[in-house]
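With mmCIF, C-alpha atoms inside, this is my_file24.cif:
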data_entry
#
loop_
_atom_site.label_atom_id
_atom_site.label_comp_id
_atom_site.auth_asym_id
_atom_site.auth_seq_id
_atom_site.Cartn_x
_atom_site.Cartn_y
_atom_site.Cartn_z
CA MET A 277 -14.23 6.27 13.47
CA GLU A 278 -13.58 2.60 14.17
CA PRO A 279 -10.22 2.14 15.95
CA ALA A 280 -7.41 0.54 13.98
CA TYR A 281 -7.06 -2.42 16.34
CA ALA A 282 -10.74 -3.26 15.90
CA ARG A 283 -10.37 -3.36 12.12
CA LEU A 284 -7.28 -5.53 12.39
CA SER A 285 -9.10 -7.89 14.79
CA TYR A 286 -12.02 -8.10 12.37
CA LEU A 287 -9.69 -8.86 9.46
CA ASP A 288 -7.98 -11.55 11.48
CA SER A 289 -11.22 -13.37 12.34
CA TYR A 290 -12.63 -12.89 8.84
CA TYR A 291 -9.68 -14.48 7.12
CA LYS A 292 -9.43 -17.29 9.65
CA ASN A 293 -13.03 -18.21 8.88
CA ARG A 294 -12.38 -17.88 5.18
CA ALA A 295 -9.37 -20.15 5.43
CA ARG A 296 -11.47 -22.71 7.27
CA ASN A 297 -14.15 -22.57 4.58
CA LYS A 298 -11.61 -22.92 1.80
CA ALA A 299 -9.95 -25.87 3.53
CA GLN A 300 -13.35 -27.60 3.49
CA MET A 301 -14.06 -27.01 -0.20
CA SER A 302 -15.40 -29.96 -2.17
CA ASN A 303 -13.45 -31.95 -4.72
CA LYS A 304 -15.33 -30.39 -7.61
CA ASP A 305 -13.96 -26.94 -6.64
CA VAL A 306 -10.31 -28.03 -6.91
CA SER A 307 -8.62 -26.94 -10.14
CA ILE A 308 -6.18 -29.61 -11.34
CA ILE A 309 -3.74 -29.81 -14.25
CA ILE A 310 -2.26 -33.18 -15.24
CA VAL A 311 1.00 -32.99 -17.20
CA ASP A 312 2.32 -36.19 -18.73
CA ASP A 313 3.78 -36.94 -22.16
CA MET A 314 2.26 -40.44 -22.04
CA GLN A 315 -1.37 -40.40 -23.17
CA PHE A 316 -2.18 -43.63 -21.37
CA SER A 317 -0.97 -42.17 -18.06
CA ARG A 318 -3.01 -39.01 -18.56
CA VAL A 319 -6.16 -41.01 -19.25
CA VAL A 320 -5.67 -43.32 -16.24
CA ILE A 321 -4.93 -40.46 -13.81
CA GLN A 322 -7.82 -38.34 -15.08
CA ALA A 323 -10.24 -41.27 -14.79
CA ALA A 324 -9.12 -42.02 -11.22
CA LEU A 325 -9.57 -38.41 -10.16
CA LYS A 326 -12.99 -38.11 -11.79
CA LYS A 327 -14.08 -41.27 -9.98
CA ALA A 328 -12.93 -39.65 -6.71
CA GLY A 329 -15.20 -36.64 -7.39
CA PHE A 330 -12.77 -34.18 -9.00
CA SER A 331 -14.29 -32.52 -12.07
CA ASN A 332 -12.22 -29.40 -12.78
CA ILE A 333 -9.39 -31.22 -14.55
CA ARG A 334 -7.24 -30.08 -17.47
CA VAL A 335 -4.65 -32.26 -19.18
CA ALA A 336 -1.44 -31.32 -20.99
CA SER A 337 1.08 -33.42 -22.90
CA ARG A 338 3.96 -30.95 -22.41
CA ALA A 339 5.13 -28.66 -19.64
CA ARG A 340 4.82 -25.57 -21.87
CA GLU A 341 1.21 -26.46 -22.58
CA ALA A 342 0.53 -26.68 -18.85
CA LEU A 343 2.12 -23.26 -18.27
CA ASN A 344 -0.11 -21.75 -20.94
CA MET A 345 -3.12 -23.28 -19.19
CA MET A 346 -2.02 -21.76 -15.89
CA ALA A 347 -1.63 -18.38 -17.55
CA ASP A 348 -5.29 -18.60 -18.59
CA MET A 349 -6.54 -19.82 -15.22
CA HIS A 350 -4.67 -20.62 -12.01
CA ALA A 351 -4.52 -24.25 -10.87
CA ASP A 352 -4.72 -25.38 -7.24
CA VAL A 353 -2.79 -28.59 -7.92
CA VAL A 354 -0.40 -29.58 -10.70
CA LEU A 355 0.29 -33.29 -11.20
CA ALA A 356 3.36 -33.68 -13.40
CA ASP A 357 5.54 -36.51 -14.58
CA TRP A 358 9.12 -36.16 -13.39
CA VAL A 359 10.67 -37.27 -16.68
CA MET A 360 9.34 -35.48 -19.76
CA PRO A 361 10.88 -34.27 -23.03
CA GLU A 362 11.82 -30.58 -23.48
CA MET A 363 11.17 -29.74 -19.83
CA ASP A 364 11.08 -32.18 -16.91
CA GLY A 365 9.02 -31.96 -13.74
CA LEU A 366 11.70 -30.19 -11.70
CA GLU A 367 12.22 -27.52 -14.36
CA LEU A 368 8.47 -27.05 -14.53
CA THR A 369 8.43 -26.70 -10.74
CA ASP A 370 11.07 -23.96 -10.91
CA ILE A 371 9.00 -21.94 -13.36
CA ILE A 372 5.74 -22.42 -11.43
CA ARG A 373 7.41 -21.30 -8.19
CA GLN A 374 8.79 -18.20 -9.95
CA LYS A 375 5.35 -17.39 -11.38
CA ASP A 376 3.75 -17.97 -7.99
CA GLU A 377 6.15 -15.49 -6.42
CA GLU A 378 5.41 -12.88 -9.07
CA LEU A 379 1.64 -13.29 -8.83
CA GLY A 380 1.40 -13.73 -5.06
CA VAL A 381 -0.27 -17.16 -5.26
CA TYR A 382 0.62 -20.73 -4.38
CA THR A 383 0.32 -23.88 -6.51
CA ALA A 384 0.62 -27.34 -4.96
CA ILE A 385 2.88 -29.57 -7.06
CA ILE A 386 2.93 -33.39 -7.04
CA LEU A 387 5.40 -35.30 -9.19
CA PHE A 388 4.92 -38.81 -10.55
CA THR A 389 8.21 -40.62 -10.30
CA ALA A 390 9.98 -43.88 -10.84
CA GLN A 391 13.11 -42.40 -9.25
CA GLU A 392 14.74 -44.53 -6.58
CA GLY A 393 16.82 -43.39 -3.64
CA ILE A 394 16.65 -40.51 -1.20
CA GLU A 395 18.85 -37.92 -2.98
CA PRO A 396 16.52 -37.29 -5.97
CA LEU A 397 13.57 -36.84 -3.61
CA VAL A 398 15.52 -34.45 -1.37
CA GLU A 399 16.40 -32.40 -4.44
CA ALA A 400 12.75 -32.40 -5.51
CA PHE A 401 11.55 -31.06 -2.15
CA ASP A 402 14.35 -28.48 -2.12
CA ARG A 403 13.19 -27.26 -5.54
CA GLY A 404 9.65 -26.70 -4.23
CA VAL A 405 7.80 -29.96 -4.89
CA ASP A 406 5.09 -30.60 -2.30
CA ASP A 407 4.65 -34.36 -2.73
CA TYR A 408 5.42 -37.31 -5.00
CA ILE A 409 3.62 -40.47 -6.09
CA CYS A 410 5.24 -43.57 -7.49
CA LYS A 411 4.03 -44.85 -10.85
CA PRO A 412 1.62 -46.44 -11.43
CA PRO A 413 -0.44 -44.60 -8.77
CA ASN A 414 -2.96 -46.33 -6.55
CA PRO A 415 -6.32 -44.56 -7.20
CA HIS A 416 -7.16 -44.20 -3.49
CA GLU A 417 -3.68 -42.91 -2.62
CA LEU A 418 -3.83 -40.52 -5.59
CA ALA A 419 -7.16 -39.02 -4.44
CA ALA A 420 -5.94 -38.69 -0.86
CA ARG A 421 -2.69 -36.96 -1.85
CA VAL A 422 -4.49 -34.58 -4.23
CA ASN A 423 -6.95 -33.71 -1.47
CA ALA A 424 -4.09 -32.98 0.92
CA ALA A 425 -2.28 -30.91 -1.72
CA ALA A 426 -5.46 -28.91 -2.41
CA ARG A 427 -5.82 -28.10 1.30
CA ILE A 428 -2.19 -26.95 1.43
CA ALA A 429 -2.67 -24.73 -1.64
CA SER A 430 -5.90 -23.28 -0.24
CA LEU A 431 -4.36 -22.43 3.12
CA GLN A 432 -1.20 -21.01 1.55
CA ASN A 433 -3.20 -18.82 -0.82
CA ASP A 434 -5.37 -17.60 2.01
CA LEU A 435 -2.29 -16.73 4.07
CA LEU A 436 -0.84 -14.83 1.10
CA GLU A 437 -4.10 -12.96 0.63
CA THR A 438 -4.35 -12.18 4.34
CA SER A 439 -0.76 -10.98 4.36
CA GLN A 440 -1.47 -8.66 1.42
CA GLN A 441 -4.62 -7.34 3.10
CA LEU A 442 -2.72 -6.66 6.32
CA GLU A 443 0.05 -4.96 4.35
CA ASP A 444 -2.53 -2.76 2.64
CA THR A 445 -4.13 -2.00 6.02
CA VAL A 446 -0.79 -1.03 7.54
CA LYS A 447 -0.07 1.26 4.58
CA HIS A 448 -3.50 2.81 4.97
CA LEU A 449 -3.01 3.34 8.70
CA GLU A 450 0.42 4.84 8.08
CA GLU A 451 -1.10 7.17 5.50
CA MET A 452 -3.81 8.14 7.98
CA ALA A 453 -1.14 8.80 10.60
CA LEU A 454 0.46 11.37 8.28
CA THR A 455 -2.73 13.03 7.01
CA ASP A 456 -5.13 15.48 8.58
CA PRO A 457 -8.53 13.75 8.26
CA LEU A 458 -10.54 16.98 7.95
CA THR A 459 -8.61 18.88 5.29
CA GLY A 460 -6.78 16.01 3.56
CA VAL A 461 -3.41 17.74 3.74
CA GLY A 462 -0.45 16.50 5.78
CA ASN A 463 -0.39 16.72 9.55
CA ARG A 464 2.31 17.96 11.91
CA ARG A 465 4.04 14.58 11.92
CA LEU A 466 4.43 14.59 8.15
CA LEU A 467 5.50 18.22 8.17
CA THR A 468 8.32 17.70 10.68
CA ARG A 469 9.50 14.59 8.83
CA GLN A 470 9.60 16.40 5.48
CA LEU A 471 11.11 19.54 6.96
CA GLU A 472 14.02 17.54 8.35
CA TYR A 473 14.63 15.98 4.93
CA HIS A 474 14.51 19.35 3.11
CA LEU A 475 16.86 21.00 5.61
CA LEU A 476 19.42 18.21 5.14
CA ASP A 477 19.07 18.45 1.36
CA ALA A 478 19.42 22.24 1.36
CA SER A 479 22.50 22.04 3.57
CA ALA A 480 24.16 19.48 1.31
CA ARG A 481 23.25 21.15 -1.98
CA HIS A 482 23.23 24.81 -0.86
CA GLY A 483 19.57 25.15 -1.73
CA GLY A 484 16.93 27.01 0.25
CA VAL A 485 14.05 26.06 2.53
CA CYS A 486 11.26 28.52 3.21
CA PHE A 487 9.03 27.58 6.12
CA VAL A 488 5.71 29.40 6.38
CA MET A 489 3.26 29.41 9.27
CA LEU A 490 -0.30 30.62 8.72
CA ASP A 491 -2.99 31.21 11.34
CA ILE A 492 -6.60 32.11 10.60
CA ASP A 493 -7.39 35.37 12.38
CA HIS A 494 -10.15 35.34 15.01
CA PHE A 495 -11.00 31.70 14.28
CA LYS A 496 -12.28 31.14 17.82
CA LYS A 497 -14.92 33.78 17.18
CA ILE A 498 -16.12 31.84 14.12
CA ASN A 499 -16.51 28.66 16.20
CA ASP A 500 -18.18 30.50 19.08
CA THR A 501 -20.61 32.36 16.81
CA HIS A 502 -21.48 29.75 14.20
CA GLY A 503 -20.41 26.42 15.70
CA HIS A 504 -17.59 24.00 14.96
CA ASP A 505 -19.24 22.57 11.84
CA VAL A 506 -19.04 25.97 10.19
CA GLY A 507 -15.50 26.32 11.53
CA ASP A 508 -14.65 23.06 9.78
CA GLU A 509 -16.13 24.41 6.54
CA VAL A 510 -13.85 27.43 6.81
CA LEU A 511 -10.82 25.23 7.48
CA ILE A 512 -11.55 23.10 4.41
CA GLY A 513 -12.11 26.14 2.18
CA PHE A 514 -9.03 27.88 3.57
CA THR A 515 -6.90 24.79 2.85
CA ARG A 516 -8.14 24.57 -0.74
CA ARG A 517 -7.42 28.23 -1.36
CA VAL A 518 -3.90 28.00 0.06
CA ARG A 519 -3.10 24.87 -1.97
CA ARG A 520 -4.12 26.63 -5.18
CA THR A 521 -1.58 29.39 -4.57
CA VAL A 522 1.48 27.18 -3.94
CA ARG A 523 3.50 24.99 -6.27
CA PRO A 524 2.61 21.29 -6.60
CA THR A 525 5.94 20.43 -4.97
CA ASP A 526 5.24 22.58 -1.88
CA LEU A 527 3.94 20.74 1.18
CA VAL A 528 0.90 22.16 2.97
CA ALA A 529 0.12 20.71 6.39
CA ARG A 530 -2.31 21.43 9.19
CA MET A 531 -0.30 21.75 12.38
CA GLY A 532 -3.31 21.88 14.67
CA GLY A 533 -6.49 23.91 15.11
CA GLU A 534 -6.44 26.83 12.68
CA GLU A 535 -2.64 26.77 12.28
CA PHE A 536 -0.99 25.60 9.06
CA GLY A 537 2.58 25.11 7.86
CA ILE A 538 4.02 25.21 4.35
CA ILE A 539 7.41 23.90 3.24
CA MET A 540 8.82 25.48 0.09
CA HIS A 541 12.06 24.00 -1.19
CA TYR A 542 14.32 25.77 -3.67
CA THR A 543 17.33 24.29 -5.45
CA ARG A 544 18.76 27.83 -5.52
CA ALA A 545 18.02 30.03 -2.52
CA GLU A 546 17.92 33.19 -4.65
CA ASN A 547 14.90 31.84 -6.54
CA PHE A 548 12.65 32.58 -3.57
CA ARG A 549 10.43 35.63 -3.99
CA HIS A 550 8.55 37.45 -1.23
CA SER A 551 5.81 38.13 -3.75
CA THR A 552 4.85 34.44 -3.63
CA LEU A 553 3.50 34.83 -0.11
CA GLU A 554 2.02 38.23 -0.82
CA ARG A 555 -0.03 36.62 -3.58
CA MET A 556 -1.09 33.92 -1.12
CA LEU A 557 -2.35 36.51 1.37
CA ALA A 558 -4.14 38.36 -1.43
CA SER A 559 -5.78 35.10 -2.53
CA ILE A 560 -7.04 34.42 1.00
CA ASN A 561 -8.54 37.93 1.16
CA GLN A 562 -9.81 37.90 -2.43
CA ARG A 563 -13.37 36.89 -1.62
CA PRO A 564 -15.43 35.61 1.33
CA PHE A 565 -15.62 31.88 2.12
CA LYS A 566 -18.95 30.25 1.34
CA THR A 567 -20.40 28.33 4.31
CA SER A 568 -23.75 26.88 5.34
CA VAL A 569 -24.50 30.10 7.26
CA GLY A 570 -23.55 32.36 4.38
CA ASP A 571 -20.37 34.10 3.22
CA LEU A 572 -17.72 34.71 5.86
CA THR A 573 -14.76 37.02 5.43
CA VAL A 574 -11.57 35.44 6.72
CA THR A 575 -8.07 36.84 7.04
CA ALA A 576 -4.80 35.21 8.04
CA SER A 577 -1.51 36.13 9.65
CA ILE A 578 1.72 34.70 8.24
CA GLY A 579 5.17 34.20 9.68
CA VAL A 580 8.10 33.21 7.46
CA CYS A 581 11.62 31.95 8.08
CA PHE A 582 14.11 31.03 5.36
CA TYR A 583 17.23 28.85 5.49
CA LYS A 584 19.63 29.60 2.63
CA GLY A 585 21.66 26.41 2.89
CA GLU A 586 24.66 28.24 4.31
CA GLY A 587 26.22 28.25 7.75
CA GLU A 588 24.90 26.13 10.59
CA GLN A 589 21.85 24.09 9.67
CA PRO A 590 18.89 24.93 11.92
CA SER A 591 16.97 22.17 13.64
CA VAL A 592 13.40 21.40 12.63
CA GLN A 593 12.08 22.76 15.90
CA GLY A 594 14.35 25.78 15.59
CA LEU A 595 12.94 26.72 12.19
CA ILE A 596 9.36 26.13 13.38
CA LYS A 597 9.98 28.30 16.44
CA CYS A 598 11.43 31.04 14.24
CA ALA A 599 8.36 31.07 11.97
CA ASP A 600 6.06 30.89 15.01
CA GLU A 601 7.69 34.01 16.48
CA LYS A 602 7.22 35.85 13.18
CA LEU A 603 3.61 34.72 13.06
CA TYR A 604 2.82 36.13 16.49
CA LYS A 605 4.61 39.32 15.57
CA ALA A 606 2.26 39.60 12.57
CA LYS A 607 -0.71 39.14 14.91
CA ALA A 608 0.66 41.70 17.36
CA ASN A 609 1.07 44.19 14.52
CA GLY A 610 -2.62 44.02 13.66
CA ARG A 611 -3.09 40.64 11.89
CA ASN A 612 -3.76 40.01 8.20
CA GLN A 613 -0.12 40.55 7.29
CA ILE A 614 3.22 38.80 6.68
CA VAL A 615 6.34 39.05 8.78
CA PHE A 616 9.52 37.67 7.18
#

Translate the structure of the given file into structure tokens.
Amino acid sequence: MEPAYARLSYLDSYYKNRARNKAQMSNKDVSIIIVDDMQFSRVVIQAALKKAGFSNIRVASRAREALNMMADMHADVVLADWVMPEMDGLELTDIIRQKDEELGVYTAIILFTAQEGIEPLVEAFDRGVDDYICKPPNPHELAARVNAAARIASLQNDLLETSQQLEDTVKHLEEMALTDPLTGVGNRRLLTRQLEYHLLDASARHGGVCFVMLDIDHFKKINDTHGHDVGDEVLIGFTRRVRRTVRPTDLVARMGGEEFGIIMHYTRAENFRHSTLERMLASINQRPFKTSVGDLTVTASIGVCFYKGEGEQPSVQGLIKCADEKLYKAKANGRNQIVF
């Protein structure tokens, strides 16, 4: 299996290259929306941008119309007039930034303004505006600023995408760190974490926690006789059979080798029944396990310890040790049995 750091390194270089490619995209790839209530301004701005090589241009006469366009297809750059009826450029910026946050994207916003003084511009940048152009715009300046805004949007979107990919990778690695890769059930780390939680809950609510340890009898002989691949087949089949006999809320985990642990939590300690584990042992013995070398009969020894939610709360290791001692007592007594 490829190590985690190698995958992360690959992702890092992949997205850096992708960001570089996006930053170099041509004008025709840039999606632009022009929002202006003045038809003459819309026509002039659109003509200037088309002359500069931009072709993916949509125009809107109202802010709401522009938002509807963005809902249909995201825009890299929005060029909006500052002063418009119903909703001005700053109010439009607020909504776009909110939508961007919800969708995990970034839209570059340029406002056309006739505003004078520093304070209005400071407010505009504080509200999330990326740039501004004074009216009437110079065609060359307009093209240059739109190009710069498109690069900013491209890089920001790539960073957001990379961040999401890394977050997904971390979640996946964390999941792998808590899962046994062969059987698909939890591993010892997950078991100890969950056992600690259930002990605390049982102590606070006077519930019960039953901890079960299972060990496949004579498993070394299976590996020595038939090989580890067949041993793995037995482990997978054994896991499936055990999971079918427990409740969906019970946690089954592989602790290592042929040793498994089960956490059974009860809101009322008296609800626990010994017959539950007797049925489990009967299910394991019910029929041979099918493997690539034929049917193999497998038995298991089981050790059980139960905390009733009263008195001193045992530690996680204390409860595991208790069940482990019962397990080895079951083996010493002849195997294929349960010791409570």

message = Need the shell around Arg523 in chain A: protein/DNA/RNA residues with any atom at most 12 Å away, counting only C-alpha atoms. Skip same-chain ones fewer than 4 positions apart. Format as a PyMOL selection string?
response = chain A and resi 518-519+527-528+538-542+552-553+556

Create the file for the chosen residues now, containing C-alpha atoms and written as a PDB file, keeping the file's coordinate frame.
ATOM      1  CA  VAL A 518      -3.900  28.000   0.060  1.00  0.00           C
ATOM      2  CA  ARG A 519      -3.100  24.870  -1.970  1.00  0.00           C
ATOM      3  CA  LEU A 527       3.940  20.740   1.180  1.00  0.00           C
ATOM      4  CA  VAL A 528       0.900  22.160   2.970  1.00  0.00           C
ATOM      5  CA  ILE A 538       4.020  25.210   4.350  1.00  0.00           C
ATOM      6  CA  ILE A 539       7.410  23.900   3.240  1.00  0.00           C
ATOM      7  CA  MET A 540       8.820  25.480   0.090  1.00  0.00           C
ATOM      8  CA  HIS A 541      12.060  24.000  -1.190  1.00  0.00           C
ATOM      9  CA  TYR A 542      14.320  25.770  -3.670  1.00  0.00           C
ATOM     10  CA  THR A 552       4.850  34.440  -3.630  1.00  0.00           C
ATOM     11  CA  LEU A 553       3.500  34.830  -0.110  1.00  0.00           C
ATOM     12  CA  MET A 556      -1.090  33.920  -1.120  1.00  0.00           C
TER      13      MET A 556
END

request  = Could you give me, as a count of residues only, the residues within 8 Å of Asp352 in chain A, counting all atoms listed in the file and dropping anything in the same chain fewer than 4 positions from it?
outcome  = 9

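In this comparison, which uses all atoms listed in the file, the residue of A:Ile512, A:Ala424, A:Met345, A:Leu442 approaching Leu458 in chain A most closely is A:Ile512.
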
Top pick for closest residue to Phe316 in chain A, considering A:Gly329, A:Gly579, A:Pro564, A:Pro412 and counting only C-alpha atoms = A:Pro412

task = Could you give me, as a ChimeraX atom specification, the residues within 12 Å of Leu397 in chain A, counting all atoms listed in the file and dropping anything in the same chain fewer than 5 positions from it?
result = /A:358,366,386-392,402-410

ask   = So what does the PyMOL selection byres ((chain A and resi 580) around 6) actually pick up in this one, as a ChimeraX atom specification?
value = /A:487-488,579,581,599,616

Selection dump of the PyMOL selection byres ((chain A and resi 592) around 7), as a PyMOL selection string = chain A and resi 468+471-472+590-591+593-596

task = Rank A:Ser551, A:Asn423, A:Gln589, A:Arg611 by their smallest atom-to-atom distance to Tyr473 in chain A, using only C-alpha atoms, and report the top residue only.
result = A:Gln589

remark   = Counting all atoms listed in the file, closest pick from A:Glu586, A:Glu378, A:Glu535, A:Glu399 relative to Leu476 in chain A is A:Glu586

Would you mind listing what lies within 7 Å of range 419-422 of chain A as a PDB file with C-alpha atoms, in the coordinates of the input, with only C-alpha atoms counted and same-chain residues fewer than 4 positions away left out?
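The resulting around31.pdb:
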ATOM      1  CA  LEU A 325      -9.570 -38.410 -10.160  1.00  0.00           C
ATOM      2  CA  ALA A 328     -12.930 -39.650  -6.710  1.00  0.00           C
ATOM      3  CA  PRO A 415      -6.320 -44.560  -7.200  1.00  0.00           C
ATOM      4  CA  ALA A 426      -5.460 -28.910  -2.410  1.00  0.00           C
TER       5      ALA A 426
END

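CA of Gln440 in chain A sits 23.0 Å away from CA of Ile385 in chain A.
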
ask   = By how many Å are CA of Ala576 in chain A and CA of Arg555 in chain A apart?
value = 12.6 Å

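Interatomic distance, CA of Thr543 in chain A against CA of Arg469 in chain A: 19.0 Å.
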
task = Please evaluate the PyMOL selection byres ((chain A and resi 534) around 9) against the structure above and give the resulting residues as a VMD selection string.
result = chain A and resid 490 to 493 495 to 496 511 530 to 533 535 to 536

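Excluding Ile498 in chain A and any residue on its chain fewer than 6 positions from it, the residues at most 10 Å away by all atoms listed in the file are His504, Val506, Gly507, Asp508, Val510, Leu572 and Val574 of chain A.
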
Using the selection just defined, write its residues with C-alpha atoms as an mmCIF file, in the frame of the given file.
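out-v7.cif, freshly written:
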data_model
loop_
_atom_site.group_PDB
_atom_site.id
_atom_site.type_symbol
_atom_site.label_atom_id
_atom_site.label_comp_id
_atom_site.auth_asym_id
_atom_site.auth_seq_id
_atom_site.Cartn_x
_atom_site.Cartn_y
_atom_site.Cartn_z
ATOM 1 C CA HIS A 504 -17.590 24.000 14.960
ATOM 2 C CA VAL A 506 -19.040 25.970 10.190
ATOM 3 C CA GLY A 507 -15.500 26.320 11.530
ATOM 4 C CA ASP A 508 -14.650 23.060 9.780
ATOM 5 C CA VAL A 510 -13.850 27.430 6.810
ATOM 6 C CA LEU A 572 -17.720 34.710 5.860
ATOM 7 C CA VAL A 574 -11.570 35.440 6.720
#

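Considering the residues A:Val335, A:Gly587, A:Met489, A:Arg563 and counting only C-alpha atoms, Glu601 in chain A has its shortest atom-to-atom contact with A:Met489.
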
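Within 10 Å of the point (-5.1, -40.5, -12.5), and counting only C-alpha atoms, the protein, DNA and RNA residues are Ile310, Phe316, Ser317, Arg318, Val319, Val320, Ile321, Gln322, Ala323, Ala324, Leu325, Lys326, Lys327, Ala328, Leu355, Pro412, Pro413, Asn414, Pro415, His416, Leu418 and Ala419 of chain A.
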
ask   = Out of A:Gly380, A:Asp505, A:Arg334, A:Arg464, which residue has the shortest atom-to-atom distance to Asp434 in chain A when counting all atoms listed in the file?
value = A:Gly380

Let me have the centre and edge lengths of the axis-aligned box enclosing all listed atoms of range 335-338 of chain A with 6 Å padding on every side, in Å to one decimal, as AutoDock Vina command-line options.
--center_x -0.3 --center_y -32.2 --center_z -21.0 --size_x 20.6 --size_y 14.5 --size_z 15.7

Please list, as a JSON list (two decimals) with C-alpha atoms, keeping the file's coordinate frame, the residues that have an atom at most 7 Å away from (15.4, 26.4, 0.6) in the coordinates of this file, counting all atoms listed in the file.
[["chain", "number", "residue", "atom", "x", "y", "z"],
["A", 478, "ALA", "CA", 19.42, 22.24, 1.36],
["A", 483, "GLY", "CA", 19.57, 25.15, -1.73],
["A", 484, "GLY", "CA", 16.93, 27.01, 0.25],
["A", 485, "VAL", "CA", 14.05, 26.06, 2.53],
["A", 486, "CYS", "CA", 11.26, 28.52, 3.21],
["A", 540, "MET", "CA", 8.82, 25.48, 0.09],
["A", 541, "HIS", "CA", 12.06, 24.00, -1.19],
["A", 542, "TYR", "CA", 14.32, 25.77, -3.67],
["A", 543, "THR", "CA", 17.33, 24.29, -5.45],
["A", 545, "ALA", "CA", 18.02, 30.03, -2.52],
["A", 582, "PHE", "CA", 14.11, 31.03, 5.36],
["A", 583, "TYR", "CA", 17.23, 28.85, 5.49],
["A", 584, "LYS", "CA", 19.63, 29.60, 2.63],
["A", 585, "GLY", "CA", 21.66, 26.41, 2.89]]

Completion step: range 393-408 of chain A with N, CA and C atoms as a PDB file, in the frame of the given file:
ATOM      1  N   GLY A 393      15.804 -44.004  -4.492  1.00  0.00           N
ATOM      2  CA  GLY A 393      16.820 -43.390  -3.640  1.00  0.00           C
ATOM      3  C   GLY A 393      16.326 -42.100  -3.023  1.00  0.00           C
ATOM      4  N   ILE A 394      17.049 -41.683  -1.973  1.00  0.00           N
ATOM      5  CA  ILE A 394      16.650 -40.510  -1.200  1.00  0.00           C
ATOM      6  C   ILE A 394      17.091 -39.204  -1.865  1.00  0.00           C
ATOM      7  N   GLU A 395      18.289 -39.173  -2.462  1.00  0.00           N
ATOM      8  CA  GLU A 395      18.850 -37.920  -2.980  1.00  0.00           C
ATOM      9  C   GLU A 395      17.959 -37.236  -4.009  1.00  0.00           C
ATOM     10  N   PRO A 396      17.402 -37.968  -5.003  1.00  0.00           N
ATOM     11  CA  PRO A 396      16.520 -37.290  -5.970  1.00  0.00           C
ATOM     12  C   PRO A 396      15.296 -36.664  -5.300  1.00  0.00           C
ATOM     13  N   LEU A 397      14.745 -37.361  -4.290  1.00  0.00           N
ATOM     14  CA  LEU A 397      13.570 -36.840  -3.610  1.00  0.00           C
ATOM     15  C   LEU A 397      13.908 -35.609  -2.773  1.00  0.00           C
ATOM     16  N   VAL A 398      15.072 -35.621  -2.137  1.00  0.00           N
ATOM     17  CA  VAL A 398      15.520 -34.450  -1.370  1.00  0.00           C
ATOM     18  C   VAL A 398      15.657 -33.250  -2.285  1.00  0.00           C
ATOM     19  N   GLU A 399      16.255 -33.485  -3.469  1.00  0.00           N
ATOM     20  CA  GLU A 399      16.400 -32.400  -4.440  1.00  0.00           C
ATOM     21  C   GLU A 399      15.032 -31.869  -4.867  1.00  0.00           C
ATOM     22  N   ALA A 400      14.091 -32.802  -5.083  1.00  0.00           N
ATOM     23  CA  ALA A 400      12.750 -32.400  -5.510  1.00  0.00           C
ATOM     24  C   ALA A 400      12.078 -31.507  -4.469  1.00  0.00           C
ATOM     25  N   PHE A 401      12.154 -31.876  -3.206  1.00  0.00           N
ATOM     26  CA  PHE A 401      11.550 -31.060  -2.150  1.00  0.00           C
ATOM     27  C   PHE A 401      12.270 -29.720  -2.015  1.00  0.00           C
ATOM     28  N   ASP A 402      13.597 -29.737  -2.181  1.00  0.00           N
ATOM     29  CA  ASP A 402      14.350 -28.480  -2.120  1.00  0.00           C
ATOM     30  C   ASP A 402      13.952 -27.533  -3.249  1.00  0.00           C
ATOM     31  N   ARG A 403      13.576 -28.088  -4.388  1.00  0.00           N
ATOM     32  CA  ARG A 403      13.190 -27.260  -5.540  1.00  0.00           C
ATOM     33  C   ARG A 403      11.753 -26.742  -5.424  1.00  0.00           C
ATOM     34  N   GLY A 404      11.001 -27.228  -4.443  1.00  0.00           N
ATOM     35  CA  GLY A 404       9.650 -26.700  -4.230  1.00  0.00           C
ATOM     36  C   GLY A 404       8.527 -27.677  -4.483  1.00  0.00           C
ATOM     37  N   VAL A 405       8.846 -28.945  -4.713  1.00  0.00           N
ATOM     38  CA  VAL A 405       7.800 -29.960  -4.890  1.00  0.00           C
ATOM     39  C   VAL A 405       7.136 -30.234  -3.545  1.00  0.00           C
ATOM     40  N   ASP A 406       5.821 -30.373  -3.543  1.00  0.00           N
ATOM     41  CA  ASP A 406       5.090 -30.600  -2.300  1.00  0.00           C
ATOM     42  C   ASP A 406       4.971 -32.090  -1.953  1.00  0.00           C
ATOM     43  N   ASP A 407       4.855 -32.945  -2.988  1.00  0.00           N
ATOM     44  CA  ASP A 407       4.650 -34.360  -2.730  1.00  0.00           C
ATOM     45  C   ASP A 407       5.037 -35.149  -3.972  1.00  0.00           C
ATOM     46  N   TYR A 408       5.135 -36.467  -3.837  1.00  0.00           N
ATOM     47  CA  TYR A 408       5.420 -37.310  -5.000  1.00  0.00           C
ATOM     48  C   TYR A 408       4.612 -38.598  -4.885  1.00  0.00           C
TER      49      TYR A 408
END
